[in-house]
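Novice: Contents are mmCIF, C-alpha atoms and all ligand atoms; file name input_35.cif:
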data_model
#
loop_
_atom_site.label_atom_id
_atom_site.label_comp_id
_atom_site.auth_asym_id
_atom_site.auth_seq_id
_atom_site.Cartn_x
_atom_site.Cartn_y
_atom_site.Cartn_z
CA MET L 1449 91.42 80.12 169.30
CA ALA L 1450 93.75 81.60 166.76
CA THR L 1451 91.55 84.54 165.89
CA MET L 1452 91.21 85.40 169.53
CA SER L 1453 94.97 85.67 169.62
CA LEU L 1454 94.79 88.08 166.70
CA SER L 1455 92.49 90.30 168.74
CA SER L 1456 94.71 90.27 171.77
CA PHE L 1457 97.84 90.71 169.67
CA SER L 1458 96.18 93.62 167.89
CA ALA L 1459 94.94 95.11 171.14
CA VAL L 1460 98.50 95.55 172.39
CA LEU L 1461 99.56 97.27 169.21
CA LEU L 1462 96.35 99.20 168.77
CA SER L 1463 96.78 101.18 171.92
CA ARG L 1464 99.90 102.89 170.64
CA PRO L 1465 99.81 106.62 169.87
CA SER L 1466 99.04 108.13 166.47
CA GLN L 1467 101.63 108.12 163.78
CA ILE L 1468 101.73 109.95 160.54
CA SER L 1469 102.09 107.67 157.57
CA ASN L 1470 105.57 107.65 156.12
CA LYS L 1471 104.13 107.75 152.59
CA PRO L 1472 102.55 111.20 152.58
CA SER L 1473 102.49 111.59 148.82
CA ARG L 1474 99.67 109.13 148.36
CA CYS L 1475 98.29 108.64 151.83
CA PHE L 1476 96.01 110.96 153.72
CA PHE L 1477 96.10 111.23 157.45
CA PHE L 1478 93.06 112.30 159.39
CA LYS L 1479 92.60 113.13 163.01
CA PRO L 1480 90.07 111.17 165.08
CA LEU L 1481 87.96 114.16 166.07
CA LEU L 1482 88.09 116.24 162.95
CA LEU L 1483 88.14 114.18 159.82
CA THR L 1484 89.94 116.01 157.10
CA SER L 1485 91.75 114.84 154.03
CA SER L 1486 93.80 116.67 151.49
CA ARG L 1487 92.16 114.47 148.89
CA SER L 1488 88.68 115.85 149.31
CA PRO L 1489 87.32 118.89 151.03
CA SER L 1490 83.90 117.27 151.37
CA LEU L 1491 85.07 114.35 153.45
CA SER L 1492 83.37 115.00 156.71
CA SER L 1493 79.76 115.27 155.63
CA SER L 1494 77.61 114.16 152.76
CA SER L 1495 75.71 117.44 153.09
CA ASN L 1496 78.77 119.04 151.57
CA TYR L 1497 77.61 117.77 148.23
CA THR L 1498 76.09 120.88 146.71
CA SER L 1499 74.69 119.68 143.43
CA PRO L 1500 73.51 116.39 142.02
CA ALA L 1501 76.39 114.36 140.74
CA GLN L 1502 76.27 112.78 137.36
CA VAL L 1503 77.69 109.33 137.71
CA ARG L 1504 78.27 106.41 135.43
CA ALA L 1505 76.85 103.11 136.55
CA SER L 1506 77.38 99.59 135.22
CA SER L 1507 78.76 100.98 131.99
CA THR L 1508 75.25 101.09 130.61
CA ALA L 1509 73.61 104.31 131.63
CA ILE L 1510 74.22 107.75 132.97
CA VAL L 1511 72.11 108.48 136.04
CA GLU L 1512 71.63 111.68 137.98
CA THR L 1513 72.31 110.98 141.62
CA GLU L 1514 71.19 113.10 144.47
CA PRO L 1515 73.10 111.71 147.44
CA ASP L 1516 70.90 110.62 150.33
CA SER L 1517 67.84 110.32 148.09
CA ILE L 1518 66.40 107.12 146.70
CA LEU L 1519 67.62 106.43 143.19
CA ASP L 1520 65.45 105.17 140.42
CA ALA L 1521 68.19 103.24 138.69
CA LYS L 1522 67.19 99.61 139.11
CA GLU L 1523 67.50 98.91 135.42
CA VAL L 1524 71.11 100.02 135.52
CA SER L 1525 72.46 96.97 137.26
CA SER L 1526 69.87 94.26 137.29
CA SER L 1527 70.52 91.52 139.83
CA LYS L 1528 69.41 89.12 137.10
CA LYS L 1529 72.64 89.71 135.25
CA ILE L 1530 75.15 89.80 138.07
CA LEU L 1531 74.70 86.47 139.87
CA ALA L 1532 76.97 83.75 138.51
CA CYS L 1533 77.68 80.12 139.30
CA PRO L 1534 80.65 79.93 141.71
CA ILE L 1535 81.89 76.86 139.83
CA CYS L 1536 82.01 78.08 136.23
CA TYR L 1537 81.19 81.81 136.56
CA ASN L 1538 78.43 81.55 133.96
CA GLN L 1539 75.28 83.50 134.62
CA LEU L 1540 72.70 81.92 136.94
CA ILE L 1541 69.12 81.60 135.75
CA TRP L 1542 66.44 82.53 138.29
CA ASN L 1543 63.65 79.98 138.71
CA GLY L 1544 60.28 81.35 139.73
CA ASP L 1545 59.96 84.77 141.29
CA HIS L 1546 62.63 87.19 140.33
CA VAL L 1547 62.12 89.66 143.11
CA THR L 1548 65.29 91.05 144.58
CA SER L 1549 64.74 91.77 148.22
CA ALA L 1550 66.17 90.85 151.59
CA ASP L 1551 62.96 88.84 152.07
CA SER L 1552 62.73 87.07 148.75
CA ALA L 1553 65.70 84.75 149.15
CA ALA L 1554 63.46 82.01 150.54
CA ARG L 1555 61.44 82.00 147.31
CA SER L 1556 64.47 82.00 145.05
CA SER L 1557 66.21 79.17 143.36
CA PHE L 1558 68.77 79.33 140.60
CA GLN L 1559 70.12 77.07 137.98
CA CYS L 1560 73.45 77.06 136.22
CA ASN L 1561 72.81 75.99 132.67
CA THR L 1562 76.44 74.99 132.21
CA CYS L 1563 77.07 72.97 135.39
CA LYS L 1564 73.39 72.03 135.72
CA LYS L 1565 73.68 72.77 139.41
CA ALA L 1566 70.79 74.25 141.36
CA TYR L 1567 71.28 76.82 144.13
CA CYS L 1568 68.61 77.62 146.70
CA GLY L 1569 67.78 80.34 149.11
CA ASN L 1570 66.78 79.69 152.72
CA GLU L 1571 64.77 81.98 154.96
CA THR L 1572 67.54 84.56 155.23
CA HIS L 1573 69.97 84.31 152.30
CA ILE L 1574 70.93 82.71 149.02
CA ASP L 1575 73.67 80.11 149.45
CA LEU L 1576 76.20 80.47 146.64
CA ILE L 1577 79.26 78.71 148.02
CA VAL L 1578 80.72 75.99 145.79
CA ALA L 1579 79.67 73.19 148.17
CA SER L 1580 76.16 74.58 148.57
CA GLY L 1581 73.59 71.77 148.77
CA ALA L 1582 76.12 69.13 149.89
CA LYS L 1583 74.68 67.01 152.71
CA GLU L 1584 77.60 64.84 153.81
CA TYR L 1585 80.58 66.86 152.64
CA GLY L 1586 81.70 69.40 155.20
CA GLU L 1587 84.73 71.61 154.80
CA VAL L 1588 86.59 73.37 157.56
CA MET L 1589 87.86 76.78 156.55
CA ALA L 1590 90.77 78.72 158.05
CA PRO L 1591 90.28 79.65 161.75
CA ALA L 1592 89.83 83.35 160.91
CA THR L 1593 86.88 82.38 158.71
CA GLU L 1594 85.40 79.69 160.97
CA PHE L 1595 85.54 81.96 163.99
CA PHE L 1596 82.87 84.30 162.62
CA ARG L 1597 80.48 81.40 162.04
CA PHE L 1598 79.78 81.03 165.77
CA PRO L 1599 76.32 82.38 166.70
CA LEU L 1600 77.72 84.17 169.75
CA ILE L 1601 80.19 86.12 167.61
CA SER L 1602 77.50 87.34 165.22
CA PHE L 1603 75.31 88.26 168.19
CA LEU L 1604 78.07 90.27 169.87
CA TYR L 1605 79.47 91.82 166.73
CA GLU L 1606 77.41 95.01 166.62
CA ARG L 1607 76.79 94.93 170.34
CA GLY L 1608 80.13 96.38 171.35
CA TRP L 1609 82.73 94.38 169.44
CA ARG L 1610 82.76 96.46 166.26
CA GLN L 1611 82.67 99.66 168.30
CA SER L 1612 85.88 98.57 170.07
CA PHE L 1613 87.77 98.97 166.79
CA SER L 1614 87.98 102.66 167.67
CA LEU L 1615 90.86 101.64 169.96
CA GLY L 1616 92.88 101.00 166.83
CA GLY L 1617 91.88 104.27 165.16
CA PHE L 1618 88.67 103.32 163.37
CA PRO L 1619 86.44 106.39 163.21
CA ASP L 1620 82.87 106.17 164.47
CA GLN L 1621 80.44 104.48 162.12
CA GLU L 1622 79.01 107.71 160.72
CA LYS L 1623 82.45 109.10 159.85
CA GLU L 1624 83.59 105.78 158.44
CA PHE L 1625 80.53 105.82 156.17
CA GLU L 1626 81.32 109.36 155.02
CA LEU L 1627 84.87 108.30 154.17
CA ILE L 1628 83.61 105.26 152.26
CA LYS L 1629 81.19 107.42 150.24
CA ASP L 1630 84.00 109.77 149.43
CA HIS L 1631 86.07 106.96 147.94
CA LEU L 1632 83.00 105.67 146.08
CA LYS L 1633 81.97 108.99 144.50
CA PRO L 1634 82.82 107.86 140.95
CA VAL L 1635 80.47 104.86 141.18
CA LEU L 1636 77.50 106.18 143.15
CA GLY L 1637 74.28 105.06 141.49
CA GLY L 1638 75.63 101.64 140.55
CA ASN L 1639 75.49 98.31 142.35
CA ILE L 1640 77.69 97.45 145.32
CA VAL L 1641 78.86 94.24 146.95
CA ASP L 1642 79.55 94.58 150.67
CA ALA L 1643 82.07 91.75 150.83
CA SER L 1644 82.43 90.05 154.21
CA CYS L 1645 79.62 92.25 155.46
CA GLY L 1646 79.40 90.59 158.88
CA SER L 1647 76.02 91.42 160.40
CA GLY L 1648 75.48 94.01 157.68
CA LEU L 1649 76.47 97.19 159.49
CA PHE L 1650 77.45 98.94 156.26
CA SER L 1651 75.22 96.93 153.90
CA ARG L 1652 72.23 98.39 155.72
CA LEU L 1653 73.63 101.90 155.52
CA PHE L 1654 74.33 101.45 151.79
CA ALA L 1655 70.75 100.25 151.22
CA LYS L 1656 69.19 103.03 153.30
CA SER L 1657 71.29 105.75 151.71
CA GLY L 1658 69.62 105.19 148.34
CA LEU L 1659 72.98 105.82 146.73
CA PHE L 1660 73.20 102.41 145.08
CA SER L 1661 70.88 100.65 142.65
CA LEU L 1662 71.43 97.33 144.43
CA VAL L 1663 73.30 96.27 147.55
CA VAL L 1664 74.57 92.71 147.95
CA ALA L 1665 75.45 91.83 151.54
CA LEU L 1666 77.88 88.92 151.25
CA ASP L 1667 79.54 86.83 153.92
CA PHE L 1668 80.69 83.26 154.48
CA SER L 1669 79.08 83.10 157.92
CA GLU L 1670 75.45 81.95 157.90
CA ASN L 1671 75.00 83.38 161.38
CA MET L 1672 76.29 86.82 160.40
CA LEU L 1673 73.80 86.86 157.49
CA GLN L 1674 71.01 85.68 159.78
CA GLN L 1675 71.84 88.50 162.18
CA CYS L 1676 71.83 90.98 159.31
CA HIS L 1677 68.39 89.73 158.25
CA GLU L 1678 67.20 90.11 161.83
CA TYR L 1679 68.38 93.74 162.00
CA VAL L 1680 66.67 94.48 158.66
CA LYS L 1681 63.43 92.95 159.92
CA GLN L 1682 63.54 95.04 163.08
CA GLU L 1683 63.85 98.30 161.19
CA GLU L 1684 60.69 100.05 160.07
CA ASN L 1685 60.49 101.13 156.44
CA PHE L 1686 63.77 99.47 155.54
CA PRO L 1687 64.13 99.48 151.72
CA LYS L 1688 64.33 95.67 151.46
CA GLU L 1689 63.92 95.72 147.69
CA ASN L 1690 67.36 97.26 147.51
CA LEU L 1691 69.20 94.52 149.41
CA MET L 1692 70.14 90.92 148.69
CA LEU L 1693 71.87 88.61 151.21
CA VAL L 1694 74.31 86.11 149.74
CA ARG L 1695 76.50 83.48 151.36
CA ALA L 1696 79.76 83.09 149.46
CA ASP L 1697 83.47 82.59 149.88
CA ILE L 1698 85.52 85.68 149.11
CA SER L 1699 87.91 83.48 147.11
CA ARG L 1700 85.11 82.37 144.75
CA LEU L 1701 82.71 85.22 144.20
CA PRO L 1702 79.38 84.30 142.57
CA PHE L 1703 79.22 87.25 140.20
CA ALA L 1704 79.77 87.60 136.50
CA SER L 1705 83.07 89.18 135.47
CA SER L 1706 82.95 92.99 135.08
CA SER L 1707 79.38 93.16 136.45
CA ILE L 1708 79.92 95.12 139.68
CA ASP L 1709 80.40 98.87 140.12
CA ALA L 1710 81.73 98.89 143.68
CA VAL L 1711 83.04 96.47 146.27
CA HIS L 1712 83.34 97.43 149.91
CA ALA L 1713 85.14 95.27 152.46
CA GLY L 1714 85.02 96.67 156.00
CA ALA L 1715 87.54 95.34 158.52
CA ALA L 1716 87.84 92.12 156.56
CA LEU L 1717 91.05 92.08 154.51
CA HIS L 1718 93.05 90.80 157.47
CA CYS L 1719 90.50 88.00 158.06
CA TRP L 1720 90.76 86.54 154.57
CA PRO L 1721 92.81 83.36 154.17
CA SER L 1722 94.41 84.68 150.97
CA PRO L 1723 94.05 88.44 150.46
CA SER L 1724 95.60 88.15 146.98
CA THR L 1725 93.10 85.51 145.82
CA ALA L 1726 90.29 87.61 147.28
CA VAL L 1727 91.40 90.90 145.71
CA ALA L 1728 91.97 89.12 142.38
CA GLU L 1729 88.36 87.93 142.57
CA ILE L 1730 87.21 91.46 143.40
CA SER L 1731 89.19 92.75 140.44
CA ARG L 1732 87.56 90.15 138.19
CA ILE L 1733 84.00 91.14 139.13
CA LEU L 1734 84.57 94.91 138.99
CA ARG L 1735 83.66 96.56 135.71
CA PRO L 1736 86.23 98.91 134.14
CA GLY L 1737 86.19 102.05 136.27
CA GLY L 1738 84.72 100.10 139.21
CA VAL L 1739 86.05 100.89 142.69
CA PHE L 1740 87.25 98.68 145.55
CA VAL L 1741 87.24 100.31 148.99
CA ALA L 1742 88.37 98.53 152.13
CA THR L 1743 89.42 99.08 155.72
CA THR L 1744 91.90 97.13 157.78
CA TYR L 1745 94.73 97.54 160.25
CA VAL L 1746 98.33 98.30 159.41
CA LEU L 1747 100.74 97.40 162.19
CA ASP L 1748 103.62 99.63 161.13
CA GLY L 1749 105.68 102.00 163.24
CA PRO L 1750 109.13 101.68 164.79
CA PHE L 1751 108.87 97.92 165.39
CA ALA L 1752 107.63 97.00 161.92
CA ALA L 1753 111.15 97.04 160.49
CA LEU L 1754 112.32 94.36 162.90
CA PRO L 1755 112.83 91.13 161.00
CA LEU L 1756 111.42 89.30 164.01
CA LEU L 1757 108.04 91.01 163.67
CA LYS L 1758 107.77 90.01 160.04
CA SER L 1759 108.47 86.37 160.71
CA LEU L 1760 106.21 86.46 163.80
CA SER L 1761 103.35 87.86 161.74
CA GLN L 1762 103.93 85.30 158.99
CA ASN L 1763 103.85 82.44 161.47
CA PHE L 1764 100.77 83.87 163.09
CA GLY L 1765 99.12 84.13 159.66
CA ARG L 1766 99.93 80.49 158.92
CA ILE L 1767 98.22 79.34 162.11
CA SER L 1768 95.23 81.68 162.08
CA GLY L 1769 94.60 81.92 158.36
CA SER L 1770 94.66 85.69 158.59
CA HIS L 1771 97.09 88.35 157.43
CA ILE L 1772 98.83 91.12 159.33
CA PHE L 1773 99.71 94.11 157.17
CA LEU L 1774 102.94 95.81 158.21
CA ALA L 1775 102.91 98.77 155.78
CA ASP L 1776 100.55 100.76 153.55
CA SER L 1777 102.83 99.85 150.66
CA GLU L 1778 101.92 96.19 151.17
CA LEU L 1779 98.29 97.09 150.48
CA GLU L 1780 99.21 99.13 147.44
CA GLU L 1781 101.27 96.26 146.07
CA LEU L 1782 98.42 93.87 146.72
CA CYS L 1783 95.97 96.03 144.74
CA ASN L 1784 98.43 96.61 141.90
CA ALA L 1785 99.30 92.91 141.74
CA CYS L 1786 95.59 92.20 141.25
CA GLY L 1787 95.22 94.67 138.40
CA LEU L 1788 93.81 97.62 140.34
CA VAL L 1789 95.22 101.13 139.95
CA ASP L 1790 94.89 104.62 141.40
CA PHE L 1791 95.58 103.47 144.97
CA LYS L 1792 94.49 105.88 147.71
CA CYS L 1793 94.62 105.56 151.45
CA ASP L 1794 93.48 107.34 154.59
CA ARG L 1795 95.33 106.57 157.82
CA ASN L 1796 94.60 107.07 161.48
CA ARG L 1797 96.91 105.18 163.82
CA ARG L 1798 96.46 101.47 162.96
CA PHE L 1799 93.31 102.10 160.90
CA VAL L 1800 93.59 102.39 157.15
CA MET L 1801 90.97 102.90 154.47
CA ILE L 1802 92.18 102.12 150.98
CA SER L 1803 90.62 102.31 147.56
CA ALA L 1804 91.73 101.26 144.10
CA THR L 1805 90.12 101.25 140.68
CA LYS L 1806 89.76 98.75 137.86
CA PRO L 1807 91.42 100.38 134.85
CA SER L 1808 88.98 101.62 132.18
C1 LIG J 1 85.65 91.61 161.28
S1 LIG J 1 84.29 91.08 160.32
C2 LIG J 1 83.90 92.54 159.34
C3 LIG J 1 82.41 92.80 159.27
C4 LIG J 1 81.99 94.10 158.61
N1 LIG J 1 82.37 94.15 157.23
C5 LIG J 1 82.48 95.33 159.31
O1 LIG J 1 82.83 96.33 158.63
O2 LIG J 1 82.49 95.36 160.53
C6 LIG J 1 85.07 90.04 159.15
C7 LIG J 1 84.08 89.25 158.30
O3 LIG J 1 84.82 88.52 157.31
C8 LIG J 1 84.09 87.34 157.05
N2 LIG J 1 84.94 86.35 156.36
C9 LIG J 1 86.01 85.70 156.86
N3 LIG J 1 86.46 84.83 155.95
C10 LIG J 1 85.67 84.92 154.86
C11 LIG J 1 85.64 84.27 153.60
N4 LIG J 1 86.52 83.31 153.30
N5 LIG J 1 84.68 84.61 152.71
C12 LIG J 1 83.78 85.58 153.01
N6 LIG J 1 83.75 86.22 154.19
C13 LIG J 1 84.69 85.90 155.11
C14 LIG J 1 83.65 86.89 158.42
O4 LIG J 1 82.58 85.98 158.37
C15 LIG J 1 83.29 88.21 159.09
O5 LIG J 1 81.91 88.49 159.00
#
Could you rewrite the structure in this file as structure tokens?
Specialist:
Amino acid sequence: MATMSLSSFSAVLLSRPSQISNKPSRCFFFKPLLLTSSRSPSLSSSSNYTSPAQVRASSTAIVETEPDSILDAKEVSSSKKILACPICYNQLIWNGDHVTSADSAARSSFQCNTCKKAYCGNETHIDLIVASGAKEYGEVMAPATEFFRFPLISFLYERGWRQSFSLGGFPDQEKEFELIKDHLKPVLGGNIVDASCGSGLFSRLFAKSGLFSLVVALDFSENMLQQCHEYVKQEENFPKENLMLVRADISRLPFASSSIDAVHAGAALHCWPSPSTAVAEISRILRPGGVFVATTYVLDGPFAALPLLKSLSQNFGRISGSHIFLADSELEELCNACGLVDFKCDRNRRFVMISATKPS
């Protein structure tokens, strides 16, 4: 399968030694064992926050946030206002119970008053893809998307697979979370969409941290969402009221324009069939000042300049429906092309964490 080839192709390149980014002015290199960044002295631990931060959320209220404590900011970014019809982007009307929770999806149904289309939840998530509800019509997505729909893949994902990303320079989960929070400082207290959340590794951490008024775990794979729901169920005292599971295509996000404070996309950019369409969608849903933070691989280094590698990676992308980034600058261009500014990046070997902001 094409995506399998991506893994093996990556594995060869991932095992190469560390390299310092050749764009030091805007990129921050950190070492695997001691995470440091010139951008922020408080990168390695959230306990470095010394006083409550005053943050702006959803452009509607100022909330005091005490990192790692539960926020009382539900009214700031009501889920009622953010969900939109993936066909026309007009707001969806909730029928019946309007209880946002990882458990309430089964009781939820929605109506688009413009398209007159109804959307329903099942026992684990709300299905908000365009073709939701179709019985006969089945669409095959790009291999890199279809691959993650297999039950075995979602089962294995957090049982060793995700951890193997460390071979490419991904930090351990705790450090990755610290880095993410650092990029998201300006929007703590608001709502967050964990786009292409997989089995919800970071969605669950976002929800448990209490740093966000609402967490939407979004993925195209039903099985990934089911696995996420399973993990949530297994955890005692999980704050379910803070989490909503949504099935959607990254190229057609079911949220109102300018309604989201933060979008996180962990290890997913390279799996999207069209990163530019996806980032344009992310840019559309972010409110002014909203932040996009993402991780992926950059396969740069001495071989990246070879014309052969570029055409190889393009051909591979055509077959697999995924994208191989060959330079940090490609990611910066992508964000800028989609209307996002203030590009930042942290590098460690093939791993990169980027963030960019919707202009205010
Ligand atoms: C490598 S996993 C990343 C999971 C998780 N975010 C993490 O940090 O480990 C990539 C995810 O992208 C999702 N994905 C691929 N194509 C997608 C699409 N078109 N729309 C939404 N999600 C997609 C897959 O289902 C998969 O869960």
Novice: Ligand LIG 1 (chain J), all listed atoms, 4 Å padding on each side: what axis-aligned box centre and edge lengths in Å to one decimal come out, as AutoDock Vina command-line options?
Specialist:
--center_x 84.2 --center_y 89.8 --center_z 157.0 --size_x 12.6 --size_y 21.0 --size_z 16.6
Novice: For a quick check of understanding, using all atoms listed in the file, which of L:Thr1593, L:Gln1675, L:Ser1669, L:Gln1682 has the smallest distance to Arg1607 in chain L?
Specialist: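 Residue with the minimum atom-to-atom distance to Arg1607 in chain L: L:Gln1675.
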Novice: At a cut-off of 7 Å, using only C-alpha atoms, what residues contact Ser1647 in chain L? Leave out same-chain residues fewer than 5 positions from it and give the result as a PDB file with C-alpha atoms, keeping the file's coordinate frame.
Specialist:
ATOM      1  CA  SER L1602      77.500  87.340 165.220  1.00  0.00           C
ATOM      2  CA  MET L1672      76.290  86.820 160.400  1.00  0.00           C
ATOM      3  CA  LEU L1673      73.800  86.860 157.490  1.00  0.00           C
ATOM      4  CA  GLN L1675      71.840  88.500 162.180  1.00  0.00           C
ATOM      5  CA  CYS L1676      71.830  90.980 159.310  1.00  0.00           C
TER       6      CYS L1676
END
Novice: Given only C-alpha atoms and all ligand atoms, how would the per-residue table for chain L near ligand LIG 1 (chain J) read, listing every residue at most 9 Å away with its closest atom pair and distance in Å to one decimal, sorted by chain and number, as a tab-separated table?
Specialist:
residue	atom	partner	partner_atom	distance
L:Met1589	CA	J:LIG1	N4	7.4
L:Ala1590	CA	J:LIG1	N3	7.8
L:Pro1591	CA	J:LIG1	N3	8.7
L:Ala1592	CA	J:LIG1	C9	6.0
L:Thr1593	CA	J:LIG1	N3	3.7
L:Glu1594	CA	J:LIG1	N3	7.3
L:Phe1595	CA	J:LIG1	O4	7.5
L:Phe1596	CA	J:LIG1	O4	4.6
L:Arg1597	CA	J:LIG1	O4	6.2
L:Ser1602	CA	J:LIG1	O5	7.7
L:Tyr1605	CA	J:LIG1	O2	7.8
L:Glu1606	CA	J:LIG1	O2	7.9
L:Trp1609	CA	J:LIG1	O2	9.0
L:Arg1610	CA	J:LIG1	O2	5.8
L:Gln1611	CA	J:LIG1	O2	8.9
L:Phe1613	CA	J:LIG1	O2	8.9
L:Asp1642	CA	J:LIG1	N1	7.2
L:Ala1643	CA	J:LIG1	N6	6.7
L:Ser1644	CA	J:LIG1	N6	4.1
L:Cys1645	CA	J:LIG1	N1	3.8
L:Gly1646	CA	J:LIG1	O5	3.3
L:Ser1647	CA	J:LIG1	C3	6.6
L:Gly1648	CA	J:LIG1	C4	6.6
L:Leu1649	CA	J:LIG1	C5	6.3
L:Phe1650	CA	J:LIG1	O1	6.4
L:Ser1651	CA	J:LIG1	N1	8.4
L:Leu1666	CA	J:LIG1	C12	7.0
L:Asp1667	CA	J:LIG1	N6	4.3
L:Phe1668	CA	J:LIG1	C12	4.1
L:Ser1669	CA	J:LIG1	O4	4.6
L:Glu1670	CA	J:LIG1	O4	8.2
L:Asn1671	CA	J:LIG1	O4	8.6
L:Met1672	CA	J:LIG1	O5	6.0
L:Leu1673	CA	J:LIG1	O5	8.4
L:Arg1695	CA	J:LIG1	C12	7.8
L:Ala1696	CA	J:LIG1	C12	5.9
L:Asp1697	CA	J:LIG1	N5	3.7
L:Ile1698	CA	J:LIG1	N5	3.8
L:Ser1699	CA	J:LIG1	N4	6.3
L:Arg1700	CA	J:LIG1	N5	8.3
L:Leu1701	CA	J:LIG1	N5	8.8
L:His1712	CA	J:LIG1	N1	8.1
L:Ala1713	CA	J:LIG1	N1	5.6
L:Gly1714	CA	J:LIG1	O1	3.4
L:Ala1715	CA	J:LIG1	C2	4.7
L:Ala1716	CA	J:LIG1	C6	4.3
L:Leu1717	CA	J:LIG1	O3	7.7
L:His1718	CA	J:LIG1	C6	8.2
L:Cys1719	CA	J:LIG1	C9	5.2
L:Trp1720	CA	J:LIG1	N3	4.8
L:Pro1721	CA	J:LIG1	N4	6.4
L:Ser1722	CA	J:LIG1	N4	8.3
L:Ala1726	CA	J:LIG1	N4	8.3
L:Ala1742	CA	J:LIG1	O1	8.8
L:Thr1743	CA	J:LIG1	O1	7.7
L:Gly1769	CA	J:LIG1	N3	9.0
L:Ser1770	CA	J:LIG1	N3	8.7
Novice: Using only C-alpha atoms, pick whichever of L:Phe1625, L:Phe1773, L:Phe1764, L:Phe1686 has the shortest atom-to-atom distance to Asp1748 in chain L.
Specialist: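 Checking each of L:Phe1625, L:Phe1773, L:Phe1764, L:Phe1686 against Asp1748 in chain L, counting only C-alpha atoms, the winner is L:Phe1773.
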Novice: Of the candidates L:Ala1582, L:Leu1734, L:Val1588, L:Leu1600, which shows the shortest atom-to-atom distance to Val1641 in chain L, using only C-alpha atoms?
Specialist: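 Nearest to Val1641 in chain L: L:Leu1734.
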Novice: Interatomic distance between CA of Val1789 in chain L and CA of Lys1633 in chain L?
Specialist: 16.1 Å
Novice: Hey, can you check how far CA of Leu1627 in chain L sits from CA of Ala1804 in chain L?
Specialist: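 Computing the Euclidean distance for CA of Leu1627 in chain L and CA of Ala1804 in chain L yields 14.1 Å.
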Novice: Work out how far CA of Gly1658 in chain L is from CA of Pro1702 in chain L, in Å to one decimal.
Specialist: 23.8 Å
Novice: Show me, as a list in words, the residues that have an atom within 7 Å of Ala1775 in chain L when counting all atoms listed in the file, minus same-chain residues fewer than 3 positions from it.
Specialist: Val1746, Leu1747, Asp1748 and Glu1778 of chain L
